Amino acid sequence: MADSDSESEIPRTVTVDDEGVKWSEDKFGKYKINERVWTMNEIRDHPMFMEDVPSDISENPHLLALQNLIYDGQTPEQLAEHFRQLGNEAFRSSTNKVSSQNALMAYTKGLEMECKDKCLNSQLHSNRAAVSMRMKANDKAIDDCRKAIELDPKNTKAFYRGATASESLGLTEQALKFCQGALESTPEDQQLKRLQSKLKKQLAAEQEQHRLRRKAEAEANADHSIATSSVKTVLEKRAVQVGPILFDVAMYFQGRQPQPQLAEDAADAVQWPLLMLYDETCQSDYVEIFDERCTLNDQFENMFPKDRRVDWDEEGKYVWDRLVAYLEHYAPHGGQGTRMLRLKNDEPLMAALENVHVPKVLTLHVLVQGSGAHESFCREQHLPAP
């Protein structure tokens with residue numbers, strides 16, 4: 001039996017046609033020889049096994065073939081509708097990342113078909129806005145809602161989505177305008193009426209807060225102007241000029257920049273904001289209010305007591321009675337740059353500020369008396385040796 005079957009087999013011959021295709025023949029008939037086999041890349045990229053559609057299909061012949069089948073003989077309107085339906089199916093199927101991505105791509109592809117149907121294009125923009133909202137990209141959603149409304153002023157969903165996305169971004173007034181636009185087409189829509197009522201109350205509350213904030217700022221500015229004028233009068237009597245802040249101190253305060261102010265218990269005493277720089281350790285402290293009638297020792301003893309060292313003082317050498325301070329001030333008579341003035345720690349600061357051009361925030365360089373850092377500071381600033 002085996003010999004009979006063997007004798008009936010047609011010997012395998014290979015021929016090549018004019019196009020270079022190889023052919024052979026067996027007992028089942030003539031067939032084309034396919035020398036290619038399945039590869040892992042081909043298996044992974046085959047449409048049947050794909051979990052989502054890649055953004056660029058130019059390198060995928062299977063997807064290109066499917067696309068040609070879809071596009072063949074279809075009008076732009078039919079294609080746009082096809083992609084709208086694909087997007088709807090993907091959007092409704094799940095809320096996961098892949099479904100959202102596919103829906104976004106389908107609606108975008110539909111808009112690329114250059115369809116002339118304005119209502120259909122409006123739906124595509126509005127539906128794409130819904131995907132953007134799911135992805136928390138509310139700014140993009142609002143852009144699509146605007147375009148959808150421009151194409152179809154009766155697209156209620158676009159108005160509603162625009163209102164919801166605007167509310168999410170804190171744009172209450174804009175959200176209300178979207179909502180009112182929708183009610184022009186559907187005045188009896190209860191969901192829109194509830195949203196409108198909510199937004200009106202929210203906007204009224206925000207406007208009241210804004211009004212109170214403006215009022216408070218105006219009052220603060222008025223008080224500040226009066227205080228600034230009073231401080232200026234007091235300092236001018238001592239020939240003290242006040243200039244801009246030397247160093248960025250924004251990390252120490254919020255709101256308006258700090259200014260010197262009059263003491264509440266005296267009409268001729270000033271309280272200063274004070275920045276202390278520890279050059280050796282690259283550390284700093286900010287004192288919001290320092291009364292110029294006090295001495296630096298009053299401040300230093302509180303900050304650097306003998307029985308407790310600060311965290312950054314690894315050697316424990318910053319002790320109040322071992323410290324020396326230099327006031328950085330503007331050069332006199334309109335000169336360039338700044339100068340250093342050594343302060344007397346046991347005298348009120350007021351005495352040292354006469355006839356000096358100082359920044360609004362007094363800046364003190366604090367060092368340990370006689371230390372190497374102190375000696376280096378004096379050399380660099382051309383000051384007498386300690």
# chains A, B, ... in the order shown; residues from 1 in each chain; ligands from 1

$ select_by_dssp --residues "region 137-349 of chain A" --states "alpha helix (DSSP H)" --output "PyMOL selection string"
chain A and resi 138-151+156-168+172-185+190-237+296-303+349

$ closest_atom_pairs --of "region 305-356 of chain A" --to "region 255-277 of chain A" --cutoff "10 Å" --atoms "only C-alpha atoms" --output "CSV"
residue,atom,partner,partner_atom,distance
A:Ala325,CA,A:Met276,CA,8.9
A:Tyr326,CA,A:Met276,CA,9.7
A:Leu327,CA,A:Met276,CA,9.4
A:Met350,CA,A:Ala269,CA,8.2

$ select_by_dssp --residues "region 123-370 of chain A" --states "strand (DSSP E or B)" --output "ChimeraX atom specification"
/A:241-243,261-262,270-278,283-291,295,323-330,338-342,348,357-359,362-368

$ residues_around --residues "Gly181 (chain A)" --least-positions-apart "5" --cutoff "10 Å" --atoms "only C-alpha atoms" --output "PyMOL selection string"
chain A and resi 149+153-156+158-160+163+175-176+186-187

$ write_last_selection --atoms "C-alpha atoms" --output "short mmCIF file (atom, residue, chain, number, x, y, z; two decimals), in the first residue's frame"
data_model
loop_
_atom_site.label_atom_id
_atom_site.label_comp_id
_atom_site.auth_asym_id
_atom_site.auth_seq_id
_atom_site.Cartn_x
_atom_site.Cartn_y
_atom_site.Cartn_z
CA ILE A 149 -21.57 75.27 19.41
CA PRO A 153 -25.91 76.48 18.12
CA LYS A 154 -28.58 73.95 19.15
CA ASN A 155 -26.13 71.30 20.36
CA THR A 156 -27.34 71.21 23.97
CA ALA A 158 -21.96 70.80 23.94
CA PHE A 159 -23.33 73.65 26.06
CA TYR A 160 -23.80 71.35 29.06
CA ALA A 163 -20.58 74.37 31.56
CA ALA A 175 -19.91 77.94 33.14
CA LEU A 176 -23.07 79.98 33.72
CA THR A 186 -34.24 73.70 25.85
CA PRO A 187 -35.82 76.07 28.41
#

$ residues_around --residues "Leu124 (chain A)" --least-positions-apart "6" --cutoff "8 Å" --atoms "only C-alpha atoms" --output "PyMOL selection string"
chain A and resi 84+107-108+110-111+148

$ write_last_selection --atoms "C-alpha atoms" --output "compact mmCIF listing (two decimals), in the first residue's frame"
# COMPACT_ATOMS: atom_id res chain seq x y z
CA ARG A 84 -18.40 58.74 15.17
CA TYR A 107 -13.60 61.20 16.92
CA THR A 108 -10.41 62.94 15.79
CA GLY A 110 -13.89 61.61 11.94
CA LEU A 111 -13.08 65.33 12.05
CA ALA A 148 -19.29 72.34 18.50

$ atom_distance --atom1 "CA of Phe178 (chain A)" --atom2 "CA of Arg211 (chain A)"
24.2 Å

$ atom_distance --atom1 "CA of Tyr286 (chain A)" --atom2 "CA of Asp298 (chain A)"
15.4 Å

$ atom_distance --atom1 "CA of Met135 (chain A)" --atom2 "CA of Asn88 (chain A)"
15.7 Å

$ closest_residue --among "A:Gln174, A:Ala216, A:Gln202, A:Ser166" --to "Asp139 (chain A)" --atoms "only C-alpha atoms"
A:Ser166

$ closest_residue --among "A:His365, A:Thr13, A:Ala137, A:Asp152" --to "Thr281 (chain A)" --atoms "only C-alpha atoms"
A:His365

$ residues_around --residues "Val242 (chain A)" --least-positions-apart "4" --cutoff "9 Å" --atoms "only C-alpha atoms" --output "list of chain:residue names"
A:Lys232, A:Leu235, A:Val356, A:His357, A:Val358, A:Pro359, A:Lys360

$ write_last_selection --atoms "C-alpha atoms" --output "PDB file, in the first residue's frame"
ATOM      1  CA  LYS A 232       9.117 108.783  56.240  1.00  0.00           C
ATOM      2  CA  LEU A 235      13.175 109.144  59.460  1.00  0.00           C
ATOM      3  CA  VAL A 356      22.378 106.196  56.708  1.00  0.00           C
ATOM      4  CA  HIS A 357      20.694 105.021  53.492  1.00  0.00           C
ATOM      5  CA  VAL A 358      19.219 101.651  54.460  1.00  0.00           C
ATOM      6  CA  PRO A 359      17.062  99.046  52.697  1.00  0.00           C
ATOM      7  CA  LYS A 360      13.417  98.595  53.751  1.00  0.00           C
TER       8      LYS A 360
END

$ residues_around --residues "Cys145 (chain A)" --least-positions-apart "3" --cutoff "9 Å" --atoms "only C-alpha atoms" --output "PyMOL selection string"
chain A and resi 122+125-129+140-142+148-150+157-162

$ write_last_selection --atoms "N, CA and C atoms" --output "short mmCIF file (atom, residue, chain, number, x, y, z; two decimals), in the first residue's frame"
data_model
loop_
_atom_site.label_atom_id
_atom_site.label_comp_id
_atom_site.auth_asym_id
_atom_site.auth_seq_id
_atom_site.Cartn_x
_atom_site.Cartn_y
_atom_site.Cartn_z
N SER A 122 -20.24 68.93 14.59
CA SER A 122 -20.53 69.44 15.93
C SER A 122 -20.60 68.30 16.93
N HIS A 125 -17.09 67.02 17.71
CA HIS A 125 -16.39 67.89 18.67
C HIS A 125 -16.95 67.71 20.07
N SER A 126 -18.27 67.66 20.19
CA SER A 126 -18.91 67.52 21.49
C SER A 126 -18.56 66.17 22.14
N ASN A 127 -18.56 65.12 21.33
CA ASN A 127 -18.22 63.80 21.87
C ASN A 127 -16.76 63.72 22.28
N ARG A 128 -15.90 64.36 21.49
CA ARG A 128 -14.48 64.38 21.87
C ARG A 128 -14.30 65.15 23.18
N ALA A 129 -15.12 66.18 23.39
CA ALA A 129 -15.06 66.92 24.66
C ALA A 129 -15.40 66.00 25.83
N LYS A 140 -9.12 71.37 27.14
CA LYS A 140 -9.32 70.89 25.78
C LYS A 140 -10.81 70.62 25.52
N ALA A 141 -11.51 70.14 26.54
CA ALA A 141 -12.94 69.90 26.41
C ALA A 141 -13.68 71.19 26.08
N ILE A 142 -13.32 72.26 26.76
CA ILE A 142 -13.98 73.55 26.52
C ILE A 142 -13.74 74.04 25.10
N ALA A 148 -18.03 73.05 18.72
CA ALA A 148 -19.29 72.34 18.50
C ALA A 148 -20.47 73.31 18.45
N ILE A 149 -20.49 74.28 19.36
CA ILE A 149 -21.57 75.27 19.41
C ILE A 149 -21.53 76.19 18.20
N GLU A 150 -20.31 76.53 17.78
CA GLU A 150 -20.17 77.38 16.59
C GLU A 150 -20.75 76.69 15.36
N LYS A 157 -25.85 69.31 24.30
CA LYS A 157 -24.81 68.56 25.02
C LYS A 157 -23.50 69.33 25.06
N ALA A 158 -23.20 70.02 23.96
CA ALA A 158 -21.96 70.80 23.94
C ALA A 158 -22.02 71.93 24.96
N PHE A 159 -23.17 72.60 25.06
CA PHE A 159 -23.33 73.65 26.06
C PHE A 159 -23.17 73.08 27.47
N TYR A 160 -23.84 71.95 27.72
CA TYR A 160 -23.80 71.35 29.06
C TYR A 160 -22.38 70.91 29.43
N ARG A 161 -21.69 70.27 28.46
CA ARG A 161 -20.33 69.83 28.74
C ARG A 161 -19.40 71.03 28.94
N GLY A 162 -19.62 72.08 28.17
CA GLY A 162 -18.82 73.29 28.35
C GLY A 162 -19.03 73.88 29.73
#
